[in-house]
Amino acid sequence: MKITVFNGSPRGRISNSHIIINSLLEGAKEAGAATEEIFLIEKHIGYCVGCFDCWSKTPGECGINDDMKNMINKYLESDFVGLATPVYGMLMTALLKNFTDRMLPLATPHIHKNEDGSFYHEGRVRSFPRVFYIANSGFPGEHNFDLLKAYLEMQKPVFEVYRNCGEILQYPADDSSTLSNNIMQFKNSLKTAGIELVSNGQVSQDTVINIHKQIISDEEYMAGANKEWDEELKNNDKR
Ligand SMILES: Cc1cc2nc3c(=O)[nH]c(=O)nc-3n(C[C@H](O)[C@H](O)[C@H](O)COP(=O)(O)O)c2cc1C
């Protein structure tokens, strides 16, 4: 089994998204899967120019010669694909959005109607990987994910992670504080999710609940973040 996660954070290897992906893939690897995390920021992926040549002149092939060809191959050779993003302006990053736009060659042009009245383009290949999503926000609370959830749930994912207070994951978590313990528990739950995904093809409700447990109170997170910014601004003398 192959699991590939496309990390859509512009912070790449130092991102909170990476911390989440790492724990999940650790579990998946332990359960026997071949795993890969791809940092989209390190790839050359131009914008979709909306020419539709991938539907007409060269069906299934994009005319832009960049890393996306390889990315599509990696996408299709996976059993599960994870798409990860920090919340940017209530939605996904431009990096991940562009990546999804460039998937257009995998669709066919004709429009079909779903029973619920929505419309779709049929896929060009016989089997697609099953997709899961990982999002993390800089704000505490749940409303940060409202818009993203509405979009992502339409894609019928096998599993979703919505981590608020994302910046807390940078906390070293190597002492015996409640905070460290909560971060460790979050990472362990992600690892369990990775194991379950490989072993059962889905993530149990218990694990989903554990992943979404509060790590830190809103007030504590706000106070810590505001203090850090105060110190940073003071050091830079830019207040
Ligand atoms: C341009 C920009 C827009 C952002 N918009 C939001 C937002 O709408 N809501 C939110 O909770 N956090 C927002 N954030 C904060 C990030 O989601 C947060 O820092 C996240 O933990 C970064 O994750 P990463 O390290 O995986 O990139 C924004 C950050 C940037 C740089």
# chains A, B, ... in the order shown; residues from 1 in each chain; ligands from 1
call {"tool": "residues_near_ligand", "arguments": {"ligand": "ligand 1", "cutoff": "10 Å", "atoms": "only C-alpha atoms and all ligand atoms", "output": "PDB file with N, CA, C and O atoms, in the first residue's frame"}}
result
ATOM      1  N   ASN A   7       2.011  18.266   0.995  1.00  0.00           N
ATOM      2  CA  ASN A   7       2.006  19.321   2.021  1.00  0.00           C
ATOM      3  C   ASN A   7       1.912  20.682   1.322  1.00  0.00           C
ATOM      4  O   ASN A   7       2.840  21.110   0.632  1.00  0.00           O
ATOM      5  N   GLY A   8       0.790  21.374   1.520  1.00  0.00           N
ATOM      6  CA  GLY A   8       0.543  22.650   0.844  1.00  0.00           C
ATOM      7  C   GLY A   8       0.928  23.869   1.663  1.00  0.00           C
ATOM      8  O   GLY A   8       0.480  24.980   1.348  1.00  0.00           O
ATOM      9  N   SER A   9       1.748  23.678   2.715  1.00  0.00           N
ATOM     10  CA  SER A   9       2.185  24.844   3.483  1.00  0.00           C
ATOM     11  C   SER A   9       3.413  25.484   2.840  1.00  0.00           C
ATOM     12  O   SER A   9       4.387  24.786   2.544  1.00  0.00           O
ATOM     13  N   PRO A  10       3.404  26.812   2.681  1.00  0.00           N
ATOM     14  CA  PRO A  10       4.596  27.489   2.149  1.00  0.00           C
ATOM     15  C   PRO A  10       5.793  27.359   3.099  1.00  0.00           C
ATOM     16  O   PRO A  10       6.919  27.612   2.697  1.00  0.00           O
ATOM     17  N   ARG A  11       5.539  26.955   4.355  1.00  0.00           N
ATOM     18  CA  ARG A  11       6.655  26.785   5.291  1.00  0.00           C
ATOM     19  C   ARG A  11       7.323  25.414   5.133  1.00  0.00           C
ATOM     20  O   ARG A  11       8.301  25.132   5.844  1.00  0.00           O
ATOM     21  N   GLY A  12       6.790  24.582   4.312  1.00  0.00           N
ATOM     22  CA  GLY A  12       7.407  23.297   3.981  1.00  0.00           C
ATOM     23  C   GLY A  12       7.855  22.477   5.181  1.00  0.00           C
ATOM     24  O   GLY A  12       7.048  22.106   6.035  1.00  0.00           O
ATOM     25  N   ARG A  13       9.168  22.243   5.258  1.00  0.00           N
ATOM     26  CA  ARG A  13       9.712  21.312   6.262  1.00  0.00           C
ATOM     27  C   ARG A  13       9.645  21.823   7.695  1.00  0.00           C
ATOM     28  O   ARG A  13       9.872  21.065   8.630  1.00  0.00           O
ATOM     29  N   ILE A  14       9.394  23.133   7.887  1.00  0.00           N
ATOM     30  CA  ILE A  14       9.270  23.624   9.265  1.00  0.00           C
ATOM     31  C   ILE A  14       7.803  23.897   9.631  1.00  0.00           C
ATOM     32  O   ILE A  14       7.511  24.542  10.627  1.00  0.00           O
ATOM     33  N   SER A  15       6.906  23.387   8.809  1.00  0.00           N
ATOM     34  CA  SER A  15       5.481  23.722   9.021  1.00  0.00           C
ATOM     35  C   SER A  15       4.828  22.858  10.099  1.00  0.00           C
ATOM     36  O   SER A  15       5.261  21.740  10.383  1.00  0.00           O
ATOM     37  N   ASN A  16       3.747  23.395  10.662  1.00  0.00           N
ATOM     38  CA  ASN A  16       2.908  22.619  11.574  1.00  0.00           C
ATOM     39  C   ASN A  16       2.250  21.474  10.805  1.00  0.00           C
ATOM     40  O   ASN A  16       2.054  20.392  11.355  1.00  0.00           O
ATOM     41  N   SER A  17       1.937  21.732   9.560  1.00  0.00           N
ATOM     42  CA  SER A  17       1.369  20.671   8.713  1.00  0.00           C
ATOM     43  C   SER A  17       2.304  19.467   8.688  1.00  0.00           C
ATOM     44  O   SER A  17       1.865  18.319   8.790  1.00  0.00           O
ATOM     45  N   HIS A  18       3.604  19.746   8.573  1.00  0.00           N
ATOM     46  CA  HIS A  18       4.593  18.652   8.516  1.00  0.00           C
ATOM     47  C   HIS A  18       4.593  17.843   9.820  1.00  0.00           C
ATOM     48  O   HIS A  18       4.697  16.613   9.802  1.00  0.00           O
ATOM     49  N   ILE A  19       4.462  18.550  10.949  1.00  0.00           N
ATOM     50  CA  ILE A  19       4.452  17.858  12.251  1.00  0.00           C
ATOM     51  C   ILE A  19       3.268  16.878  12.299  1.00  0.00           C
ATOM     52  O   ILE A  19       3.392  15.739  12.744  1.00  0.00           O
ATOM     53  N   ILE A  20       2.124  17.326  11.785  1.00  0.00           N
ATOM     54  CA  ILE A  20       0.926  16.467  11.780  1.00  0.00           C
ATOM     55  C   ILE A  20       1.120  15.278  10.830  1.00  0.00           C
ATOM     56  O   ILE A  20       0.881  14.120  11.176  1.00  0.00           O
ATOM     57  N   ILE A  21       1.588  15.603   9.631  1.00  0.00           N
ATOM     58  CA  ILE A  21       1.771  14.558   8.602  1.00  0.00           C
ATOM     59  C   ILE A  21       2.756  13.492   9.094  1.00  0.00           C
ATOM     60  O   ILE A  21       2.548  12.294   8.932  1.00  0.00           O
ATOM     61  N   ALA A  84      -2.700  18.464   2.596  1.00  0.00           N
ATOM     62  CA  ALA A  84      -2.554  19.196   3.860  1.00  0.00           C
ATOM     63  C   ALA A  84      -2.379  20.683   3.602  1.00  0.00           C
ATOM     64  O   ALA A  84      -1.656  21.086   2.687  1.00  0.00           O
ATOM     65  N   THR A  85      -3.039  21.482   4.426  1.00  0.00           N
ATOM     66  CA  THR A  85      -2.932  22.937   4.290  1.00  0.00           C
ATOM     67  C   THR A  85      -3.113  23.640   5.627  1.00  0.00           C
ATOM     68  O   THR A  85      -3.930  23.197   6.438  1.00  0.00           O
ATOM     69  N   PRO A  86      -2.383  24.723   5.858  1.00  0.00           N
ATOM     70  CA  PRO A  86      -2.794  25.615   6.939  1.00  0.00           C
ATOM     71  C   PRO A  86      -3.999  26.417   6.449  1.00  0.00           C
ATOM     72  O   PRO A  86      -4.194  26.550   5.234  1.00  0.00           O
ATOM     73  N   VAL A  87      -4.807  26.932   7.377  1.00  0.00           N
ATOM     74  CA  VAL A  87      -5.918  27.807   6.971  1.00  0.00           C
ATOM     75  C   VAL A  87      -5.327  29.160   6.598  1.00  0.00           C
ATOM     76  O   VAL A  87      -4.612  29.775   7.385  1.00  0.00           O
ATOM     77  N   TYR A  88      -5.601  29.600   5.392  1.00  0.00           N
ATOM     78  CA  TYR A  88      -5.182  30.929   4.932  1.00  0.00           C
ATOM     79  C   TYR A  88      -6.457  31.656   4.501  1.00  0.00           C
ATOM     80  O   TYR A  88      -7.124  31.218   3.551  1.00  0.00           O
ATOM     81  N   GLY A  89      -6.779  32.764   5.203  1.00  0.00           N
ATOM     82  CA  GLY A  89      -7.987  33.521   4.855  1.00  0.00           C
ATOM     83  C   GLY A  89      -9.216  32.633   4.825  1.00  0.00           C
ATOM     84  O   GLY A  89     -10.001  32.694   3.877  1.00  0.00           O
ATOM     85  N   MET A  90      -9.350  31.772   5.849  1.00  0.00           N
ATOM     86  CA  MET A  90     -10.494  30.853   6.017  1.00  0.00           C
ATOM     87  C   MET A  90     -10.477  29.671   5.036  1.00  0.00           C
ATOM     88  O   MET A  90     -11.356  28.808   5.108  1.00  0.00           O
ATOM     89  N   LEU A  91      -9.536  29.644   4.114  1.00  0.00           N
ATOM     90  CA  LEU A  91      -9.542  28.585   3.103  1.00  0.00           C
ATOM     91  C   LEU A  91      -8.193  27.877   3.055  1.00  0.00           C
ATOM     92  O   LEU A  91      -7.444  27.917   4.017  1.00  0.00           O
ATOM     93  N   MET A  92      -7.876  27.245   1.932  1.00  0.00           N
ATOM     94  CA  MET A  92      -6.586  26.570   1.791  1.00  0.00           C
ATOM     95  C   MET A  92      -5.558  27.550   1.220  1.00  0.00           C
ATOM     96  O   MET A  92      -5.913  28.644   0.755  1.00  0.00           O
ATOM     97  N   THR A  93      -4.289  27.166   1.240  1.00  0.00           N
ATOM     98  CA  THR A  93      -3.249  28.030   0.664  1.00  0.00           C
ATOM     99  C   THR A  93      -3.374  28.045  -0.863  1.00  0.00           C
ATOM    100  O   THR A  93      -3.892  27.102  -1.469  1.00  0.00           O
ATOM    101  N   ALA A  94      -2.854  29.100  -1.459  1.00  0.00           N
ATOM    102  CA  ALA A  94      -2.839  29.194  -2.925  1.00  0.00           C
ATOM    103  C   ALA A  94      -2.039  28.034  -3.516  1.00  0.00           C
ATOM    104  O   ALA A  94      -2.359  27.523  -4.594  1.00  0.00           O
ATOM    105  N   ILE A 134      -5.906  17.308   5.789  1.00  0.00           N
ATOM    106  CA  ILE A 134      -5.324  17.774   7.053  1.00  0.00           C
ATOM    107  C   ILE A 134      -5.286  19.300   6.995  1.00  0.00           C
ATOM    108  O   ILE A 134      -4.692  19.878   6.080  1.00  0.00           O
ATOM    109  N   ALA A 135      -5.933  19.953   7.964  1.00  0.00           N
ATOM    110  CA  ALA A 135      -5.890  21.423   8.014  1.00  0.00           C
ATOM    111  C   ALA A 135      -5.509  21.856   9.423  1.00  0.00           C
ATOM    112  O   ALA A 135      -5.884  21.210  10.399  1.00  0.00           O
ATOM    113  N   ASN A 136      -4.737  22.920   9.520  1.00  0.00           N
ATOM    114  CA  ASN A 136      -4.466  23.486  10.847  1.00  0.00           C
ATOM    115  C   ASN A 136      -4.581  25.004  10.775  1.00  0.00           C
ATOM    116  O   ASN A 136      -4.276  25.624   9.754  1.00  0.00           O
ATOM    117  N   SER A 137      -5.085  25.575  11.885  1.00  0.00           N
ATOM    118  CA  SER A 137      -5.322  27.026  11.893  1.00  0.00           C
ATOM    119  C   SER A 137      -4.480  27.714  12.959  1.00  0.00           C
ATOM    120  O   SER A 137      -4.096  27.101  13.951  1.00  0.00           O
ATOM    121  N   GLY A 138      -4.230  29.004  12.740  1.00  0.00           N
ATOM    122  CA  GLY A 138      -3.486  29.799  13.717  1.00  0.00           C
ATOM    123  C   GLY A 138      -4.376  30.296  14.845  1.00  0.00           C
ATOM    124  O   GLY A 138      -3.906  30.550  15.949  1.00  0.00           O
ATOM    125  N   PHE A 139      -5.665  30.398  14.590  1.00  0.00           N
ATOM    126  CA  PHE A 139      -6.615  30.832  15.626  1.00  0.00           C
ATOM    127  C   PHE A 139      -7.056  29.645  16.470  1.00  0.00           C
ATOM    128  O   PHE A 139      -7.091  28.509  15.973  1.00  0.00           O
ATOM    129  N   PRO A 140      -7.472  29.929  17.706  1.00  0.00           N
ATOM    130  CA  PRO A 140      -8.183  28.880  18.449  1.00  0.00           C
ATOM    131  C   PRO A 140      -9.626  28.793  17.933  1.00  0.00           C
ATOM    132  O   PRO A 140     -10.009  29.550  17.040  1.00  0.00           O
ATOM    133  N   GLY A 141     -10.405  27.874  18.470  1.00  0.00           N
ATOM    134  CA  GLY A 141     -11.824  27.784  18.106  1.00  0.00           C
ATOM    135  C   GLY A 141     -12.063  26.953  16.859  1.00  0.00           C
ATOM    136  O   GLY A 141     -11.115  26.489  16.215  1.00  0.00           O
ATOM    137  N   GLU A 142     -13.331  26.756  16.525  1.00  0.00           N
ATOM    138  CA  GLU A 142     -13.705  25.857  15.419  1.00  0.00           C
ATOM    139  C   GLU A 142     -14.121  26.597  14.155  1.00  0.00           C
ATOM    140  O   GLU A 142     -14.125  26.032  13.076  1.00  0.00           O
ATOM    141  N   HIS A 143     -14.505  27.894  14.284  1.00  0.00           N
ATOM    142  CA  HIS A 143     -15.080  28.584  13.121  1.00  0.00           C
ATOM    143  C   HIS A 143     -14.083  28.807  11.988  1.00  0.00           C
ATOM    144  O   HIS A 143     -14.484  29.038  10.845  1.00  0.00           O
ATOM    145  N   ASN A 144     -12.783  28.700  12.317  1.00  0.00           N
ATOM    146  CA  ASN A 144     -11.755  28.882  11.275  1.00  0.00           C
ATOM    147  C   ASN A 144     -11.914  27.890  10.129  1.00  0.00           C
ATOM    148  O   ASN A 144     -11.415  28.109   9.048  1.00  0.00           O
ATOM    149  N   PHE A 145     -12.566  26.759  10.431  1.00  0.00           N
ATOM    150  CA  PHE A 145     -12.635  25.683   9.440  1.00  0.00           C
ATOM    151  C   PHE A 145     -13.963  25.653   8.682  1.00  0.00           C
ATOM    152  O   PHE A 145     -14.155  24.800   7.822  1.00  0.00           O
ATOM    153  N   LEU A 147     -15.499  27.357   6.258  1.00  0.00           N
ATOM    154  CA  LEU A 147     -15.517  27.417   4.784  1.00  0.00           C
ATOM    155  C   LEU A 147     -14.786  26.224   4.180  1.00  0.00           C
ATOM    156  O   LEU A 147     -15.243  25.608   3.220  1.00  0.00           O
ATOM    157  N   ARG A 163      -7.046  20.835  12.972  1.00  0.00           N
ATOM    158  CA  ARG A 163      -6.314  21.152  14.210  1.00  0.00           C
ATOM    159  C   ARG A 163      -6.284  22.654  14.434  1.00  0.00           C
ATOM    160  O   ARG A 163      -5.594  23.387  13.703  1.00  0.00           O
ATOM    161  N   ASN A 164      -7.030  23.123  15.433  1.00  0.00           N
ATOM    162  CA  ASN A 164      -6.918  24.554  15.759  1.00  0.00           C
ATOM    163  C   ASN A 164      -5.683  24.788  16.626  1.00  0.00           C
ATOM    164  O   ASN A 164      -5.003  23.833  17.006  1.00  0.00           O
ATOM    165  N   CYS A 165      -5.374  26.045  16.923  1.00  0.00           N
ATOM    166  CA  CYS A 165      -4.176  26.383  17.726  1.00  0.00           C
ATOM    167  C   CYS A 165      -2.927  25.712  17.133  1.00  0.00           C
ATOM    168  O   CYS A 165      -2.057  25.222  17.868  1.00  0.00           O
ATOM    169  N   GLY A 166      -2.851  25.691  15.805  1.00  0.00           N
ATOM    170  CA  GLY A 166      -1.789  24.944  15.122  1.00  0.00           C
ATOM    171  C   GLY A 166      -0.379  25.302  15.570  1.00  0.00           C
ATOM    172  O   GLY A 166       0.500  24.437  15.637  1.00  0.00           O
ATOM    173  N   GLU A 167      -0.176  26.576  15.903  1.00  0.00           N
ATOM    174  CA  GLU A 167       1.195  26.998  16.247  1.00  0.00           C
ATOM    175  C   GLU A 167       1.704  26.351  17.535  1.00  0.00           C
ATOM    176  O   GLU A 167       2.909  26.312  17.777  1.00  0.00           O
ATOM    177  N   ILE A 168       0.799  25.806  18.337  1.00  0.00           N
ATOM    178  CA  ILE A 168       1.220  25.172  19.594  1.00  0.00           C
ATOM    179  C   ILE A 168       2.068  23.932  19.311  1.00  0.00           C
ATOM    180  O   ILE A 168       2.820  23.462  20.164  1.00  0.00           O
ATOM    181  N   LEU A 169       1.951  23.403  18.094  1.00  0.00           N
ATOM    182  CA  LEU A 169       2.718  22.199  17.749  1.00  0.00           C
ATOM    183  C   LEU A 169       4.217  22.463  17.694  1.00  0.00           C
ATOM    184  O   LEU A 169       5.021  21.543  17.738  1.00  0.00           O
ATOM    185  N   GLN A 170       4.597  23.754  17.616  1.00  0.00           N
ATOM    186  CA  GLN A 170       6.032  24.114  17.612  1.00  0.00           C
ATOM    187  C   GLN A 170       6.606  24.049  19.032  1.00  0.00           C
ATOM    188  O   GLN A 170       7.808  24.091  19.219  1.00  0.00           O
TER     189      GLN A 170
END
call {"tool": "closest_atom_pairs", "arguments": {"of": "stretch 96-208 of chain A", "to": "stretch 59-74 of chain A", "cutoff": "12 Å", "atoms": "only C-alpha atoms", "output": "CSV"}}
result
residue,atom,partner,partner_atom,distance
A:Asn98,CA,A:Met68,CA,10.5
A:Phe99,CA,A:Met68,CA,8.0
A:Thr100,CA,A:Ile72,CA,10.3
A:Asp101,CA,A:Met68,CA,10.8
A:Arg102,CA,A:Met68,CA,7.3
A:Met103,CA,A:Ile72,CA,7.2
A:Leu104,CA,A:Gly60,CA,8.2
A:Pro105,CA,A:Gly60,CA,4.4
A:Leu106,CA,A:Gly60,CA,6.0
A:Ala107,CA,A:Gly60,CA,7.6
A:Thr108,CA,A:Gly60,CA,8.0
A:Pro109,CA,A:Pro59,CA,9.4
A:Gly123,CA,A:Gly60,CA,10.2
A:Arg124,CA,A:Gly60,CA,7.3
A:Val125,CA,A:Gly60,CA,9.3
A:Phe128,CA,A:Ile72,CA,11.0
A:Pro129,CA,A:Lys74,CA,10.3
call {"tool": "write_last_selection", "arguments": {"atoms": "N, CA and C atoms", "output": "compact mmCIF listing (two decimals), in the first residue's frame"}}
result
# COMPACT_ATOMS: atom_id res chain seq x y z
N ASN A 98 -3.75 25.71 -6.22
CA ASN A 98 -3.20 25.60 -7.58
C ASN A 98 -2.92 24.13 -7.93
N PHE A 99 -2.40 23.40 -6.93
CA PHE A 99 -2.14 21.97 -7.14
C PHE A 99 -3.43 21.26 -7.54
N THR A 100 -4.53 21.58 -6.85
CA THR A 100 -5.80 20.90 -7.19
C THR A 100 -6.33 21.36 -8.56
N ASP A 101 -6.10 22.64 -8.90
CA ASP A 101 -6.51 23.12 -10.24
C ASP A 101 -5.77 22.35 -11.34
N ARG A 102 -4.51 22.07 -11.08
CA ARG A 102 -3.69 21.40 -12.09
C ARG A 102 -4.03 19.91 -12.26
N MET A 103 -4.99 19.44 -11.47
CA MET A 103 -5.47 18.05 -11.60
C MET A 103 -6.49 17.93 -12.74
N LEU A 104 -6.79 19.05 -13.38
CA LEU A 104 -7.83 19.06 -14.43
C LEU A 104 -7.65 17.98 -15.51
N PRO A 105 -6.41 17.64 -15.92
CA PRO A 105 -6.26 16.60 -16.94
C PRO A 105 -6.86 15.26 -16.53
N LEU A 106 -7.10 15.08 -15.21
CA LEU A 106 -7.66 13.79 -14.75
C LEU A 106 -9.18 13.73 -14.90
N ALA A 107 -9.76 14.84 -15.36
CA ALA A 107 -11.22 14.86 -15.58
C ALA A 107 -11.52 14.87 -17.08
N THR A 108 -12.72 14.45 -17.45
CA THR A 108 -13.17 14.52 -18.85
C THR A 108 -14.13 15.72 -19.00
N PRO A 109 -14.29 16.24 -20.23
CA PRO A 109 -15.02 17.50 -20.38
C PRO A 109 -16.54 17.44 -20.17
N GLY A 123 -14.24 11.19 -14.10
CA GLY A 123 -12.79 10.99 -14.06
C GLY A 123 -12.29 10.29 -15.32
N ARG A 124 -11.04 10.58 -15.69
CA ARG A 124 -10.48 9.99 -16.91
C ARG A 124 -9.88 8.61 -16.64
N VAL A 125 -9.48 8.37 -15.40
CA VAL A 125 -8.83 7.08 -15.09
C VAL A 125 -9.83 6.19 -14.34
N PHE A 128 -9.22 6.11 -8.76
CA PHE A 128 -8.54 7.23 -8.10
C PHE A 128 -8.17 6.81 -6.69
N PRO A 129 -7.12 7.42 -6.11
CA PRO A 129 -6.83 7.13 -4.70
C PRO A 129 -7.94 7.67 -3.81
call {"tool": "closest_residue", "arguments": {"among": "A:Leu24, A:Ala173, A:Met184, A:Cys54", "to": "A:Thr4", "atoms": "only C-alpha atoms"}}
result
A:Leu24
call {"tool": "select_by_dssp", "arguments": {"residues": "stretch 49-213 of chain A", "states": "alpha helix (DSSP H)", "output": "PyMOL selection string"}}
result
chain A and resi 68-76+94-101+146-154+178-200+205-211
call {"tool": "closest_residue", "arguments": {"among": "A:Thr35, A:Tyr133, A:Ile195, A:Ile3", "to": "A:Tyr151", "atoms": "only C-alpha atoms"}}
result
A:Tyr133
call {"tool": "select_by_dssp", "arguments": {"residues": "stretch 62-232 of chain A", "states": "strand (DSSP E)", "output": "number ranges by chain"}}
result
A: 80-86, 107-113, 119-123, 130-136, 159-163
call {"tool": "residues_around", "arguments": {"residues": "A:Val158", "least_positions_apart": "5", "cutoff": "12 Å", "atoms": "only C-alpha atoms", "output": "number ranges by chain"}}
result
A: 79-83, 129-134, 152-153, 193, 196-197, 200-205, 208
call {"tool": "write_last_selection", "arguments": {"atoms": "C-alpha atoms", "output": "PDB file, in the first residue's frame"}}
result
ATOM      1  CA  ASP A  79      -3.840   4.052  -2.602  1.00  0.00           C
ATOM      2  CA  PHE A  80      -4.450   6.968  -0.254  1.00  0.00           C
ATOM      3  CA  VAL A  81      -3.571  10.604  -0.831  1.00  0.00           C
ATOM      4  CA  GLY A  82      -3.471  13.227   1.907  1.00  0.00           C
ATOM      5  CA  LEU A  83      -3.822  16.927   1.091  1.00  0.00           C
ATOM      6  CA  PRO A 129      -6.826   7.129  -4.700  1.00  0.00           C
ATOM      7  CA  ARG A 130      -8.992   7.715  -1.643  1.00  0.00           C
ATOM      8  CA  VAL A 131      -8.327  11.155  -0.252  1.00  0.00           C
ATOM      9  CA  PHE A 132      -7.946  12.494   3.281  1.00  0.00           C
ATOM     10  CA  TYR A 133      -7.427  16.097   4.393  1.00  0.00           C
ATOM     11  CA  ILE A 134      -5.324  17.774   7.053  1.00  0.00           C
ATOM     12  CA  LEU A 152     -13.582  19.484   1.669  1.00  0.00           C
ATOM     13  CA  GLU A 153     -16.635  17.484   2.699  1.00  0.00           C
ATOM     14  CA  ALA A 193      -5.019   7.000  12.566  1.00  0.00           C
ATOM     15  CA  GLU A 196      -5.966   2.201  11.144  1.00  0.00           C
ATOM     16  CA  LEU A 197      -5.960   3.685   7.663  1.00  0.00           C
ATOM     17  CA  ASN A 200      -8.811  -1.105   8.038  1.00  0.00           C
ATOM     18  CA  GLY A 201      -8.999   1.380   5.154  1.00  0.00           C
ATOM     19  CA  GLN A 202     -10.625   3.916   7.477  1.00  0.00           C
ATOM     20  CA  VAL A 203     -10.116   5.725  10.770  1.00  0.00           C
ATOM     21  CA  SER A 204     -12.312   4.808  13.754  1.00  0.00           C
ATOM     22  CA  GLN A 205     -14.670   7.311  15.337  1.00  0.00           C
ATOM     23  CA  VAL A 208     -11.209  10.944  15.176  1.00  0.00           C
TER      24      VAL A 208
END
call {"tool": "closest_residue", "arguments": {"among": "A:Gly117, A:Ala34, A:Val161, A:Phe6", "to": "A:Lys97", "atoms": "only C-alpha atoms"}}
result
A:Phe6
call {"tool": "atom_distance", "arguments": {"atom1": "atom CA of A:Lys213", "atom2": "atom CA of A:Ala33"}}
result
26.6 Å
call {"tool": "decode", "arguments": {"residues": "stretch 138-152 of chain A", "atoms": "N, CA, C and O atoms", "output": "PDB file, in the first residue's frame"}}
result
ATOM      1  N   GLY A 138      -4.230  29.004  12.740  1.00  0.00           N
ATOM      2  CA  GLY A 138      -3.486  29.799  13.717  1.00  0.00           C
ATOM      3  C   GLY A 138      -4.376  30.296  14.845  1.00  0.00           C
ATOM      4  O   GLY A 138      -3.906  30.550  15.949  1.00  0.00           O
ATOM      5  N   PHE A 139      -5.665  30.398  14.590  1.00  0.00           N
ATOM      6  CA  PHE A 139      -6.615  30.832  15.626  1.00  0.00           C
ATOM      7  C   PHE A 139      -7.056  29.645  16.470  1.00  0.00           C
ATOM      8  O   PHE A 139      -7.091  28.509  15.973  1.00  0.00           O
ATOM      9  N   PRO A 140      -7.472  29.929  17.706  1.00  0.00           N
ATOM     10  CA  PRO A 140      -8.183  28.880  18.449  1.00  0.00           C
ATOM     11  C   PRO A 140      -9.626  28.793  17.933  1.00  0.00           C
ATOM     12  O   PRO A 140     -10.009  29.550  17.040  1.00  0.00           O
ATOM     13  N   GLY A 141     -10.405  27.874  18.470  1.00  0.00           N
ATOM     14  CA  GLY A 141     -11.824  27.784  18.106  1.00  0.00           C
ATOM     15  C   GLY A 141     -12.063  26.953  16.859  1.00  0.00           C
ATOM     16  O   GLY A 141     -11.115  26.489  16.215  1.00  0.00           O
ATOM     17  N   GLU A 142     -13.331  26.756  16.525  1.00  0.00           N
ATOM     18  CA  GLU A 142     -13.705  25.857  15.419  1.00  0.00           C
ATOM     19  C   GLU A 142     -14.121  26.597  14.155  1.00  0.00           C
ATOM     20  O   GLU A 142     -14.125  26.032  13.076  1.00  0.00           O
ATOM     21  N   HIS A 143     -14.505  27.894  14.284  1.00  0.00           N
ATOM     22  CA  HIS A 143     -15.080  28.584  13.121  1.00  0.00           C
ATOM     23  C   HIS A 143     -14.083  28.807  11.988  1.00  0.00           C
ATOM     24  O   HIS A 143     -14.484  29.038  10.845  1.00  0.00           O
ATOM     25  N   ASN A 144     -12.783  28.700  12.317  1.00  0.00           N
ATOM     26  CA  ASN A 144     -11.755  28.882  11.275  1.00  0.00           C
ATOM     27  C   ASN A 144     -11.914  27.890  10.129  1.00  0.00           C
ATOM     28  O   ASN A 144     -11.415  28.109   9.048  1.00  0.00           O
ATOM     29  N   PHE A 145     -12.566  26.759  10.431  1.00  0.00           N
ATOM     30  CA  PHE A 145     -12.635  25.683   9.440  1.00  0.00           C
ATOM     31  C   PHE A 145     -13.963  25.653   8.682  1.00  0.00           C
ATOM     32  O   PHE A 145     -14.155  24.800   7.822  1.00  0.00           O
ATOM     33  N   ASP A 146     -14.875  26.574   8.997  1.00  0.00           N
ATOM     34  CA  ASP A 146     -16.232  26.492   8.428  1.00  0.00           C
ATOM     35  C   ASP A 146     -16.227  26.438   6.892  1.00  0.00           C
ATOM     36  O   ASP A 146     -16.868  25.581   6.292  1.00  0.00           O
ATOM     37  N   LEU A 147     -15.499  27.357   6.258  1.00  0.00           N
ATOM     38  CA  LEU A 147     -15.517  27.417   4.784  1.00  0.00           C
ATOM     39  C   LEU A 147     -14.786  26.224   4.180  1.00  0.00           C
ATOM     40  O   LEU A 147     -15.243  25.608   3.220  1.00  0.00           O
ATOM     41  N   LEU A 148     -13.631  25.930   4.771  1.00  0.00           N
ATOM     42  CA  LEU A 148     -12.814  24.820   4.278  1.00  0.00           C
ATOM     43  C   LEU A 148     -13.579  23.499   4.396  1.00  0.00           C
ATOM     44  O   LEU A 148     -13.594  22.696   3.459  1.00  0.00           O
ATOM     45  N   LYS A 149     -14.258  23.304   5.531  1.00  0.00           N
ATOM     46  CA  LYS A 149     -15.015  22.066   5.746  1.00  0.00           C
ATOM     47  C   LYS A 149     -16.095  21.899   4.685  1.00  0.00           C
ATOM     48  O   LYS A 149     -16.304  20.808   4.161  1.00  0.00           O
ATOM     49  N   ALA A 150     -16.790  22.998   4.385  1.00  0.00           N
ATOM     50  CA  ALA A 150     -17.874  22.937   3.395  1.00  0.00           C
ATOM     51  C   ALA A 150     -17.322  22.443   2.062  1.00  0.00           C
ATOM     52  O   ALA A 150     -17.938  21.624   1.376  1.00  0.00           O
ATOM     53  N   TYR A 151     -16.134  22.917   1.698  1.00  0.00           N
ATOM     54  CA  TYR A 151     -15.512  22.507   0.429  1.00  0.00           C
ATOM     55  C   TYR A 151     -14.997  21.072   0.511  1.00  0.00           C
ATOM     56  O   TYR A 151     -15.275  20.249  -0.358  1.00  0.00           O
ATOM     57  N   LEU A 152     -14.247  20.789   1.583  1.00  0.00           N
ATOM     58  CA  LEU A 152     -13.582  19.484   1.669  1.00  0.00           C
ATOM     59  C   LEU A 152     -14.576  18.335   1.794  1.00  0.00           C
ATOM     60  O   LEU A 152     -14.369  17.267   1.226  1.00  0.00           O
TER      61      LEU A 152
END
